[in-house]
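> This is upload02.json, which holds JSON, C-alpha atoms:
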[["chain", "number", "residue", "atom", "x", "y", "z"],
["A", 1418, "MET", "CA", 60.47, -135.14, 177.99],
["A", 1419, "ASP", "CA", 58.89, -133.64, 181.06],
["A", 1420, "ALA", "CA", 55.51, -133.52, 179.29],
["A", 1421, "THR", "CA", 55.78, -137.17, 178.28],
["A", 1422, "PHE", "CA", 56.75, -138.11, 181.82],
["A", 1423, "TRP", "CA", 53.76, -136.24, 183.29],
["A", 1424, "LEU", "CA", 51.38, -137.47, 180.61],
["A", 1425, "SER", "CA", 52.33, -141.13, 181.14],
["A", 1426, "GLY", "CA", 52.01, -140.66, 184.92],
["A", 1427, "LEU", "CA", 48.58, -139.04, 184.57],
["A", 1428, "THR", "CA", 47.48, -141.75, 182.14],
["A", 1429, "ALA", "CA", 48.56, -144.45, 184.57],
["A", 1430, "LEU", "CA", 46.80, -142.64, 187.43],
["A", 1431, "ALA", "CA", 43.64, -142.23, 185.35],
["A", 1432, "GLY", "CA", 43.79, -145.94, 184.44],
["A", 1433, "VAL", "CA", 44.11, -146.92, 188.09],
["A", 1434, "GLY", "CA", 41.23, -144.60, 189.02],
["A", 1435, "LEU", "CA", 39.02, -145.90, 186.22],
["A", 1436, "GLY", "CA", 39.88, -149.50, 187.09],
["A", 1437, "GLY", "CA", 39.04, -148.85, 190.73],
["A", 1438, "LEU", "CA", 35.74, -147.22, 189.77],
["A", 1439, "LEU", "CA", 34.80, -150.13, 187.50],
["A", 1440, "SER", "CA", 35.79, -152.63, 190.18],
["A", 1441, "PHE", "CA", 33.69, -150.75, 192.73],
["A", 1442, "ARG", "CA", 30.68, -150.73, 190.39],
["A", 1443, "ILE", "CA", 31.03, -154.45, 189.70],
["A", 1444, "GLN", "CA", 31.31, -155.20, 193.42],
["A", 1445, "GLU", "CA", 28.32, -152.96, 194.17],
["A", 1446, "ARG", "CA", 26.26, -154.69, 191.49],
["A", 1447, "ALA", "CA", 27.22, -158.09, 192.91],
["A", 1448, "ARG", "CA", 26.36, -156.95, 196.44],
["A", 1449, "LEU", "CA", 22.94, -155.66, 195.31],
["A", 1450, "HIS", "CA", 22.29, -158.90, 193.43],
["A", 1451, "GLN", "CA", 23.15, -160.94, 196.53],
["A", 1452, "GLU", "CA", 20.92, -158.73, 198.65],
["A", 1453, "ARG", "CA", 18.00, -159.14, 196.21],
["A", 1454, "GLN", "CA", 18.56, -162.90, 196.18],
["A", 1455, "ALA", "CA", 18.65, -163.03, 199.99],
["A", 1456, "TRP", "CA", 15.39, -161.05, 200.25],
["A", 1457, "ARG", "CA", 13.81, -163.25, 197.58],
["A", 1458, "GLU", "CA", 14.78, -166.39, 199.49],
["A", 1459, "THR", "CA", 13.52, -164.85, 202.75],
["A", 1460, "ARG", "CA", 10.17, -164.05, 201.15],
["A", 1461, "ARG", "CA", 9.95, -167.54, 199.64],
["A", 1462, "VAL", "CA", 10.53, -169.18, 203.03],
["A", 1463, "ILE", "CA", 8.01, -166.89, 204.76],
["A", 1464, "TYR", "CA", 5.35, -167.41, 202.07],
["A", 1465, "ALA", "CA", 5.77, -171.18, 202.33],
["A", 1466, "ALA", "CA", 5.59, -170.94, 206.14],
["A", 1467, "LEU", "CA", 2.23, -169.16, 205.90],
["A", 1468, "VAL", "CA", 0.76, -171.87, 203.68],
["A", 1469, "ALA", "CA", 2.08, -174.56, 206.04],
["A", 1470, "ALA", "CA", 0.78, -172.77, 209.15],
["A", 1471, "VAL", "CA", -2.68, -172.25, 207.63],
["A", 1472, "ARG", "CA", -2.85, -175.90, 206.61],
["A", 1473, "GLN", "CA", -1.88, -177.00, 210.14],
["A", 1474, "TYR", "CA", -4.55, -174.69, 211.57],
["A", 1475, "ARG", "CA", -7.18, -176.07, 209.19],
["A", 1476, "LEU", "CA", -6.21, -179.69, 209.90],
["A", 1477, "HIS", "CA", -6.43, -179.02, 213.61],
["A", 1478, "VAL", "CA", -9.89, -177.43, 213.48],
["A", 1479, "LEU", "CA", -11.15, -180.29, 211.30],
["A", 1480, "ASP", "CA", -9.94, -182.89, 213.80],
["A", 1481, "GLN", "CA", -12.92, -184.54, 215.51],
["A", 1482, "ASN", "CA", -11.18, -184.25, 218.90],
["A", 1483, "SER", "CA", -10.28, -180.56, 218.71],
["A", 1484, "SER", "CA", -12.19, -177.93, 220.62],
["A", 1485, "VAL", "CA", -13.55, -175.06, 218.53],
["A", 1486, "GLU", "CA", -15.94, -172.52, 220.00],
["A", 1487, "ILE", "CA", -17.14, -169.26, 218.51],
["A", 1488, "ARG", "CA", -17.98, -165.85, 219.86],
["A", 1489, "GLU", "CA", -19.60, -162.91, 218.22],
["A", 1490, "HIS", "CA", -17.30, -160.17, 216.96],
["A", 1491, "SER", "CA", -17.81, -156.77, 218.58],
["A", 1492, "ASN", "CA", -19.28, -155.42, 215.31],
["A", 1493, "GLY", "CA", -22.07, -158.01, 215.51],
["A", 1494, "GLN", "CA", -21.52, -158.92, 211.85],
["A", 1495, "ARG", "CA", -19.48, -162.10, 212.17],
["A", 1496, "PHE", "CA", -18.07, -164.74, 214.47],
["A", 1497, "ILE", "CA", -14.54, -165.31, 215.75],
["A", 1498, "PRO", "CA", -13.28, -168.86, 216.28],
["A", 1499, "VAL", "CA", -11.88, -169.66, 219.70],
["A", 1500, "LEU", "CA", -9.69, -172.74, 219.77],
["A", 1501, "GLY", "CA", -9.12, -174.91, 222.80],
["A", 1502, "VAL", "CA", -5.81, -175.02, 224.65],
["A", 1503, "ASP", "CA", -4.35, -177.59, 222.26],
["A", 1504, "GLY", "CA", -5.22, -175.41, 219.24],
["A", 1505, "VAL", "CA", -3.78, -172.11, 220.44],
["A", 1506, "LYS", "CA", -0.35, -173.02, 219.08],
["A", 1507, "TYR", "CA", -1.80, -173.47, 215.58],
["A", 1508, "GLN", "CA", -3.57, -170.14, 215.77],
["A", 1509, "GLU", "CA", -0.40, -168.42, 216.99],
["A", 1510, "LEU", "CA", 1.67, -170.00, 214.20],
["A", 1511, "MET", "CA", -0.83, -168.85, 211.60],
["A", 1512, "GLU", "CA", -1.01, -165.31, 213.00],
["A", 1513, "ALA", "CA", 2.79, -165.04, 213.27],
["A", 1514, "ALA", "CA", 3.29, -166.29, 209.71],
["A", 1515, "HIS", "CA", 0.66, -163.83, 208.48],
["A", 1516, "THR", "CA", 2.46, -160.97, 210.23],
["A", 1517, "GLU", "CA", 5.78, -162.01, 208.68],
["A", 1518, "VAL", "CA", 4.18, -161.92, 205.22],
["A", 1519, "ASN", "CA", 2.94, -158.39, 205.95],
["A", 1520, "ILE", "CA", 6.49, -157.37, 206.87],
["A", 1521, "VAL", "CA", 8.37, -158.77, 203.86],
["A", 1522, "ALA", "CA", 5.85, -158.72, 200.99],
["A", 1523, "ARG", "CA", 6.72, -156.37, 198.17],
["A", 1524, "SER", "CA", 3.16, -155.93, 196.98],
["A", 1525, "GLY", "CA", -0.25, -155.25, 198.41],
["A", 1526, "GLU", "CA", -1.55, -158.13, 196.30],
["A", 1527, "VAL", "CA", 0.40, -160.64, 198.43],
["A", 1528, "ILE", "CA", -0.77, -159.00, 201.65],
["A", 1529, "ASP", "CA", -4.41, -159.06, 200.51],
["A", 1530, "ALA", "CA", -4.12, -162.70, 199.41],
["A", 1531, "ALA", "CA", -2.55, -163.65, 202.76],
["A", 1532, "HIS", "CA", -5.40, -161.92, 204.58],
["A", 1533, "PHE", "CA", -7.98, -163.72, 202.44],
["A", 1534, "LEU", "CA", -6.30, -167.09, 203.09],
["A", 1535, "THR", "CA", -6.16, -166.69, 206.87],
["A", 1536, "THR", "CA", -9.71, -165.33, 206.89],
["A", 1537, "MET", "CA", -10.98, -168.38, 205.01],
["A", 1538, "ALA", "CA", -9.14, -170.69, 207.42],
["A", 1539, "ARG", "CA", -10.95, -168.97, 210.30],
["A", 1540, "ARG", "CA", -14.28, -169.34, 208.46],
["A", 1541, "VAL", "CA", -13.63, -173.08, 208.15],
["A", 1542, "ALA", "CA", -13.16, -173.16, 211.95],
["A", 1543, "ILE", "CA", -16.43, -171.29, 212.46],
["A", 1544, "ALA", "CA", -18.27, -173.60, 210.04],
["A", 1545, "ARG", "CA", -16.80, -176.59, 211.86],
["A", 1546, "HIS", "CA", -18.38, -175.35, 215.09],
["A", 1547, "ILE", "CA", -21.74, -174.55, 213.47],
["A", 1548, "TYR", "CA", -22.11, -177.58, 211.17],
["A", 1549, "GLY", "CA", -19.79, -180.14, 212.71],
["A", 1550, "VAL", "CA", -16.80, -181.71, 211.00],
["A", 1551, "GLU", "CA", -18.80, -183.94, 208.65],
["A", 1552, "ARG", "CA", -21.23, -181.31, 207.36],
["A", 1553, "ILE", "CA", -19.05, -178.32, 206.42],
["A", 1554, "PRO", "CA", -20.43, -177.03, 203.12],
["A", 1555, "VAL", "CA", -18.38, -178.09, 200.11],
["A", 1556, "SER", "CA", -18.61, -174.53, 198.76],
["A", 1557, "LEU", "CA", -16.82, -173.18, 201.85],
["A", 1558, "GLU", "CA", -14.03, -175.70, 201.39],
["A", 1559, "GLY", "CA", -13.86, -174.61, 197.74],
["A", 1560, "HIS", "CA", -13.46, -170.98, 198.80],
["A", 1561, "TYR", "CA", -10.66, -172.00, 201.16],
["A", 1562, "PHE", "CA", -8.76, -173.79, 198.39],
["A", 1563, "THR", "CA", -9.36, -170.85, 196.04],
["A", 1564, "ALA", "CA", -7.84, -168.53, 198.67],
["A", 1565, "GLU", "CA", -4.82, -170.81, 198.99],
["A", 1566, "ARG", "CA", -4.29, -170.88, 195.20],
["A", 1567, "GLU", "CA", -4.67, -167.09, 195.02],
["A", 1568, "PHE", "CA", -2.05, -166.64, 197.74],
["A", 1569, "VAL", "CA", 0.36, -169.08, 196.11],
["A", 1570, "ASN", "CA", 0.03, -167.38, 192.74],
["A", 1571, "SER", "CA", 0.38, -163.86, 194.17],
["A", 1572, "ALA", "CA", 3.48, -165.04, 196.05],
["A", 1573, "ARG", "CA", 4.87, -166.56, 192.84],
["A", 1574, "ARG", "CA", 4.35, -163.24, 191.03],
["A", 1575, "ASP", "CA", 6.08, -161.42, 193.89],
["A", 1576, "LEU", "CA", 9.00, -163.86, 193.56],
["A", 1577, "GLU", "CA", 8.99, -163.30, 189.78],
["A", 1578, "LEU", "CA", 8.00, -166.91, 189.03],
["A", 1579, "PRO", "CA", 5.41, -168.07, 186.51],
["A", 1580, "PRO", "CA", 1.93, -168.80, 187.86],
["A", 1581, "GLU", "CA", 1.22, -172.23, 189.28],
["A", 1582, "ARG", "CA", -0.53, -174.53, 186.87],
["A", 1583, "MET", "CA", -2.77, -177.33, 187.94],
["A", 1584, "GLY", "CA", -1.80, -179.78, 185.21],
["A", 1585, "GLN", "CA", -3.81, -182.62, 183.81],
["A", 1586, "LEU", "CA", -3.40, -185.91, 185.64],
["A", 1587, "PRO", "CA", -2.62, -189.03, 183.63],
["A", 1588, "ARG", "CA", -5.69, -191.02, 182.53],
["A", 1589, "VAL", "CA", -4.74, -193.82, 184.91],
["A", 1590, "VAL", "CA", -5.73, -191.62, 187.88],
["A", 1591, "ALA", "CA", -9.33, -191.40, 186.62],
["A", 1592, "GLU", "CA", -9.35, -195.19, 186.22],
["A", 1593, "ILE", "CA", -8.07, -195.64, 189.78],
["A", 1594, "ASP", "CA", -10.67, -193.19, 191.11],
["A", 1595, "ALA", "CA", -13.49, -195.04, 189.28],
["A", 1596, "HIS", "CA", -12.30, -198.35, 190.72],
["A", 1597, "LEU", "CA", -12.05, -196.98, 194.26],
["A", 1598, "MET", "CA", -15.55, -195.44, 194.02],
["A", 1599, "SER", "CA", -16.96, -198.73, 192.74],
["A", 1600, "VAL", "CA", -15.39, -200.77, 195.55],
["A", 1601, "TYR", "CA", -16.48, -198.23, 198.16],
["A", 1602, "ARG", "CA", -20.09, -198.23, 196.93],
["A", 1603, "GLU", "CA", -20.19, -202.03, 196.90],
["A", 1604, "GLU", "CA", -18.93, -202.22, 200.48],
["A", 1605, "ASP", "CA", -21.08, -199.33, 201.68],
["A", 1606, "GLY", "CA", -24.21, -200.31, 199.96]]
Take the structure in this file and express it as C-alpha coordinates.

Amino acid sequence: MDATFWLSGLTALAGVGLGGLLSFRIQERARLHQERQAWRETRRVIYAALVAAVRQYRLHVLDQNSSVEIREHSNGQRFIPVLGVDGVKYQELMEAAHTEVNIVARSGEVIDAAHFLTTMARRVAIARHIYGVERIPVSLEGHYFTAEREFVNSARRDLELPPERMGQLPRVVAEIDAHLMSVYREEDG
(Lines of atoms letter the chains of each structure in order from A and count residues from 1; the text may use other names and numbers.)
(Lines give C-alpha, C1' and ligand atoms only; values in the text may rest on other atoms or scores of the structure.)
Protein backbone atom coordinates (compact mmCIF):
# COMPACT_ATOMS: atom_id res chain seq x y z
CA MET A 1 0.00 0.00 0.00
CA ASP A 2 2.85 2.37 0.67
CA ALA A 3 4.21 1.76 -2.83
CA THR A 4 0.83 2.47 -4.41
CA PHE A 5 0.50 5.62 -2.34
CA TRP A 6 3.95 6.87 -3.40
CA LEU A 7 3.45 5.81 -7.01
CA SER A 8 0.12 7.64 -7.32
CA GLY A 9 1.66 10.72 -5.68
CA LEU A 10 4.65 10.66 -8.03
CA THR A 11 2.37 10.12 -11.03
CA ALA A 12 0.25 13.09 -10.02
CA LEU A 13 3.38 15.19 -9.47
CA ALA A 14 4.79 14.14 -12.84
CA GLY A 15 1.44 14.99 -14.48
CA VAL A 16 1.44 18.44 -12.90
CA GLY A 17 5.06 18.98 -13.97
CA LEU A 18 4.39 17.81 -17.52
CA GLY A 19 1.24 19.92 -17.73
CA GLY A 20 3.17 22.96 -16.50
CA LEU A 21 5.94 22.33 -19.02
CA LEU A 22 3.45 21.98 -21.88
CA SER A 23 1.60 25.10 -20.76
CA PHE A 24 4.89 27.00 -20.61
CA ARG A 25 5.83 25.85 -24.12
CA ILE A 26 2.44 26.84 -25.50
CA GLN A 27 2.66 30.25 -23.84
CA GLU A 28 6.22 30.72 -25.11
CA ARG A 29 5.16 29.80 -28.64
CA ALA A 30 2.26 32.26 -28.44
CA ARG A 31 4.57 34.98 -27.11
CA LEU A 32 7.08 34.40 -29.93
CA HIS A 33 4.28 34.44 -32.49
CA GLN A 34 2.98 37.75 -31.11
CA GLU A 35 6.49 39.18 -31.14
CA ARG A 36 7.01 38.11 -34.78
CA GLN A 37 3.65 39.62 -35.71
CA ALA A 38 4.49 42.88 -33.93
CA TRP A 39 7.85 43.12 -35.73
CA ARG A 40 6.17 42.29 -39.04
CA GLU A 41 3.61 45.05 -38.52
CA THR A 42 6.37 47.48 -37.48
CA ARG A 43 8.33 46.69 -40.64
CA ARG A 44 5.19 47.04 -42.78
CA VAL A 45 4.45 50.50 -41.35
CA ILE A 46 8.06 51.63 -41.77
CA TYR A 47 8.31 50.34 -45.35
CA ALA A 48 5.07 52.13 -46.26
CA ALA A 49 6.36 55.30 -44.57
CA LEU A 50 9.48 55.24 -46.75
CA VAL A 51 7.44 54.98 -49.95
CA ALA A 52 5.18 57.83 -48.78
CA ALA A 53 8.13 60.03 -47.76
CA VAL A 54 9.94 59.47 -51.07
CA ARG A 55 6.77 60.29 -53.00
CA GLN A 56 6.30 63.51 -50.99
CA TYR A 57 9.94 64.44 -51.66
CA ARG A 58 9.54 63.77 -55.38
CA LEU A 59 6.27 65.72 -55.59
CA HIS A 60 7.91 68.64 -53.82
CA VAL A 61 10.94 68.78 -56.10
CA LEU A 62 8.69 68.57 -59.17
CA ASP A 63 6.60 71.51 -57.98
CA GLN A 64 7.24 74.54 -60.21
CA ASN A 65 7.46 76.79 -57.13
CA SER A 66 9.97 74.73 -55.16
CA SER A 67 13.60 75.71 -54.87
CA VAL A 68 16.09 73.02 -55.89
CA GLU A 69 19.78 73.80 -56.24
CA ILE A 70 22.67 71.41 -56.70
CA ARG A 71 26.23 71.26 -55.54
CA GLU A 72 29.05 69.00 -56.54
CA HIS A 73 29.76 66.06 -54.25
CA SER A 74 33.23 66.05 -52.69
CA ASN A 75 34.23 63.08 -54.89
CA GLY A 76 33.60 65.19 -58.01
CA GLN A 77 31.61 62.34 -59.57
CA ARG A 78 28.05 63.46 -58.92
CA PHE A 79 25.78 66.21 -57.68
CA ILE A 80 23.83 66.56 -54.44
CA PRO A 81 20.42 68.25 -54.46
CA VAL A 82 19.94 71.12 -52.04
CA LEU A 83 16.32 71.96 -51.35
CA GLY A 84 15.05 75.34 -50.28
CA VAL A 85 13.75 76.04 -46.80
CA ASP A 86 10.27 74.75 -47.64
CA GLY A 87 11.71 71.45 -48.94
CA VAL A 88 13.98 70.59 -46.03
CA LYS A 89 11.11 68.88 -44.19
CA TYR A 90 10.57 66.52 -47.15
CA GLN A 91 14.25 65.68 -47.29
CA GLU A 92 14.35 65.06 -43.53
CA LEU A 93 11.26 62.82 -43.70
CA MET A 94 12.81 60.80 -46.51
CA GLU A 95 16.16 60.45 -44.73
CA ALA A 96 14.50 59.49 -41.42
CA ALA A 97 12.28 56.89 -43.11
CA HIS A 98 15.32 55.48 -44.91
CA THR A 99 17.19 55.17 -41.61
CA GLU A 100 14.22 53.40 -40.01
CA VAL A 101 14.21 50.87 -42.85
CA ASN A 102 17.92 50.26 -42.25
CA ILE A 103 17.17 49.59 -38.58
CA VAL A 104 14.27 47.13 -38.95
CA ALA A 105 14.86 45.37 -42.29
CA ARG A 106 15.58 41.68 -42.02
CA SER A 107 17.47 41.47 -45.30
CA GLY A 108 20.15 43.34 -47.16
CA GLU A 109 17.91 43.21 -50.23
CA VAL A 110 15.42 45.59 -48.58
CA ILE A 111 18.20 47.92 -47.45
CA ASP A 112 19.72 47.99 -50.95
CA ALA A 113 16.32 48.61 -52.54
CA ALA A 114 15.62 51.45 -50.07
CA HIS A 115 18.97 53.01 -50.92
CA PHE A 116 18.27 52.72 -54.65
CA LEU A 117 14.82 54.32 -54.21
CA THR A 118 16.07 57.31 -52.22
CA THR A 119 19.01 57.71 -54.59
CA MET A 120 16.68 57.83 -57.59
CA ALA A 121 14.48 60.40 -55.83
CA ARG A 122 17.57 62.58 -55.35
CA ARG A 123 18.50 62.11 -59.03
CA VAL A 124 15.03 63.35 -60.00
CA ALA A 125 15.71 66.47 -57.91
CA ILE A 126 19.06 66.99 -59.65
CA ALA A 127 17.48 66.48 -63.08
CA ARG A 128 14.76 68.96 -62.15
CA HIS A 129 17.43 71.58 -61.50
CA ILE A 130 19.38 70.79 -64.67
CA TYR A 131 16.50 70.31 -67.13
CA GLY A 132 13.62 72.11 -65.47
CA VAL A 133 10.35 70.52 -64.40
CA GLU A 134 8.94 70.10 -67.91
CA ARG A 135 12.00 68.50 -69.52
CA ILE A 136 13.07 65.75 -67.09
CA PRO A 137 13.97 62.75 -69.26
CA VAL A 138 11.26 60.10 -69.37
CA SER A 139 13.93 57.42 -68.88
CA LEU A 140 14.93 58.94 -65.52
CA GLU A 141 11.32 58.89 -64.38
CA GLY A 142 11.16 55.26 -65.52
CA HIS A 143 14.19 54.42 -63.40
CA TYR A 144 12.55 56.10 -60.42
CA PHE A 145 9.38 54.01 -60.80
CA THR A 146 11.47 50.87 -61.29
CA ALA A 147 13.27 51.64 -58.01
CA GLU A 148 9.94 52.09 -56.25
CA ARG A 149 8.62 48.75 -57.58
CA GLU A 150 11.86 47.01 -56.59
CA PHE A 151 11.59 48.38 -53.06
CA VAL A 152 7.93 47.42 -52.74
CA ASN A 153 8.61 43.89 -53.94
CA SER A 154 11.68 43.43 -51.72
CA ALA A 155 9.62 44.69 -48.77
CA ARG A 156 6.83 42.26 -49.67
CA ARG A 157 9.32 39.37 -49.72
CA ASP A 158 10.67 40.50 -46.35
CA LEU A 159 7.09 40.49 -45.01
CA GLU A 160 6.56 37.04 -46.55
CA LEU A 161 3.93 38.30 -49.00
CA PRO A 162 3.65 37.41 -52.68
CA PRO A 163 5.19 39.86 -55.15
CA GLU A 164 3.13 42.80 -56.32
CA ARG A 165 1.52 42.27 -59.68
CA MET A 166 0.67 45.06 -62.02
CA GLY A 167 -2.55 43.58 -63.38
CA GLN A 168 -4.20 44.23 -66.68
CA LEU A 169 -6.62 47.14 -66.70
CA PRO A 170 -10.09 46.62 -68.13
CA ARG A 171 -10.43 47.44 -71.84
CA VAL A 172 -12.58 50.45 -70.99
CA VAL A 173 -9.50 52.26 -69.63
CA ALA A 174 -7.80 52.09 -73.05
CA GLU A 175 -10.98 53.47 -74.63
CA ILE A 176 -11.08 56.33 -72.12
CA ASP A 177 -7.39 57.08 -72.73
CA ALA A 178 -7.93 57.15 -76.52
CA HIS A 179 -10.87 59.52 -76.10
CA LEU A 180 -8.95 61.85 -73.78
CA MET A 181 -5.96 61.93 -76.16
CA SER A 182 -8.25 62.71 -79.09
CA VAL A 183 -9.99 65.58 -77.27
CA TYR A 184 -6.67 66.95 -76.03
CA ARG A 185 -5.14 66.92 -79.52
CA GLU A 186 -8.20 68.63 -80.99
CA GLU A 187 -8.06 71.40 -78.40
CA ASP A 188 -4.28 71.72 -78.54
CA GLY A 189 -3.92 71.58 -82.22
> I need the residue nearest Ser1524 in chain A from this list: A:Arg1602, A:Arg1545, A:Arg1566, A:Arg1573. Use all atoms listed in the file for the distance.
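Of the candidates, the smallest distance to Ser1524 in chain A is held by A:Arg1573.
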> Return as a tab-separated table the residues of range 1525-1604 of chain A lying at most 9 Å from range 1458-1480 of chain A, together with the closest atom-to-atom pair for each and the distance in Å to one decimal, counting all atoms listed in the file, with rows in chain order and ascending residue number.

residue	atom	partner	partner_atom	distance
A:Ala1531	CA	A:Leu1467	CA	7.9
A:Leu1534	CA	A:Val1471	CA	7.8
A:Thr1535	CA	A:Val1471	CA	6.6
A:Ala1538	CA	A:Arg1475	CA	6.0
A:Arg1539	CA	A:Arg1475	CA	8.1
A:Val1541	CA	A:Arg1475	CA	7.2
A:Ala1542	CA	A:Val1478	CA	5.6
A:Arg1545	CA	A:Leu1479	CA	6.8
A:His1546	CA	A:Val1478	CA	8.9
A:Gly1549	CA	A:Leu1479	CA	8.8
A:Val1550	CA	A:Leu1479	CA	5.8
A:Glu1551	CA	A:Leu1479	CA	8.9
A:Glu1565	CA	A:Val1468	CA	7.4
A:Phe1568	CA	A:Val1468	CA	8.4
A:Val1569	CA	A:Tyr1464	CA	8.0
A:Ala1572	CA	A:Tyr1464	CA	6.7
A:Arg1573	CA	A:Arg1461	CA	8.5
A:Asp1575	CA	A:Arg1460	CA	8.7
A:Leu1576	CA	A:Arg1461	CA	7.2
> Using all atoms listed in the file, can you list as a PyMOL selection string the residues within 9 Å of (-15.3, -174.1, 219.6)?
chain A and resi 1478+1483-1488+1498-1501+1542-1543+1545-1547
> Provide the CA of Ser1440 in chain A to CA of Ser1425 in chain A distance in Å, to one decimal place.
22.1 Å
> Quick one: pull the distance between CA of Tyr1507 in chain A and CA of Asn1482 in chain A, Å, one decimal.
14.7 Å
> Find the distance between CA of Ala1447 in chain A and CA of Arg1574 in chain A and write it in Å to one decimal.
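CA of Arg1574 in chain A lies 23.5 Å from CA of Ala1447 in chain A.
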> Measuring between all atoms listed in the file, which one of A:Leu1435, A:Ile1520, A:Glu1577, A:Ala1530 shows the shortest distance to Gln1454 in chain A?
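Checking each candidate against Gln1454 in chain A, we get A:Glu1577 as the closest.
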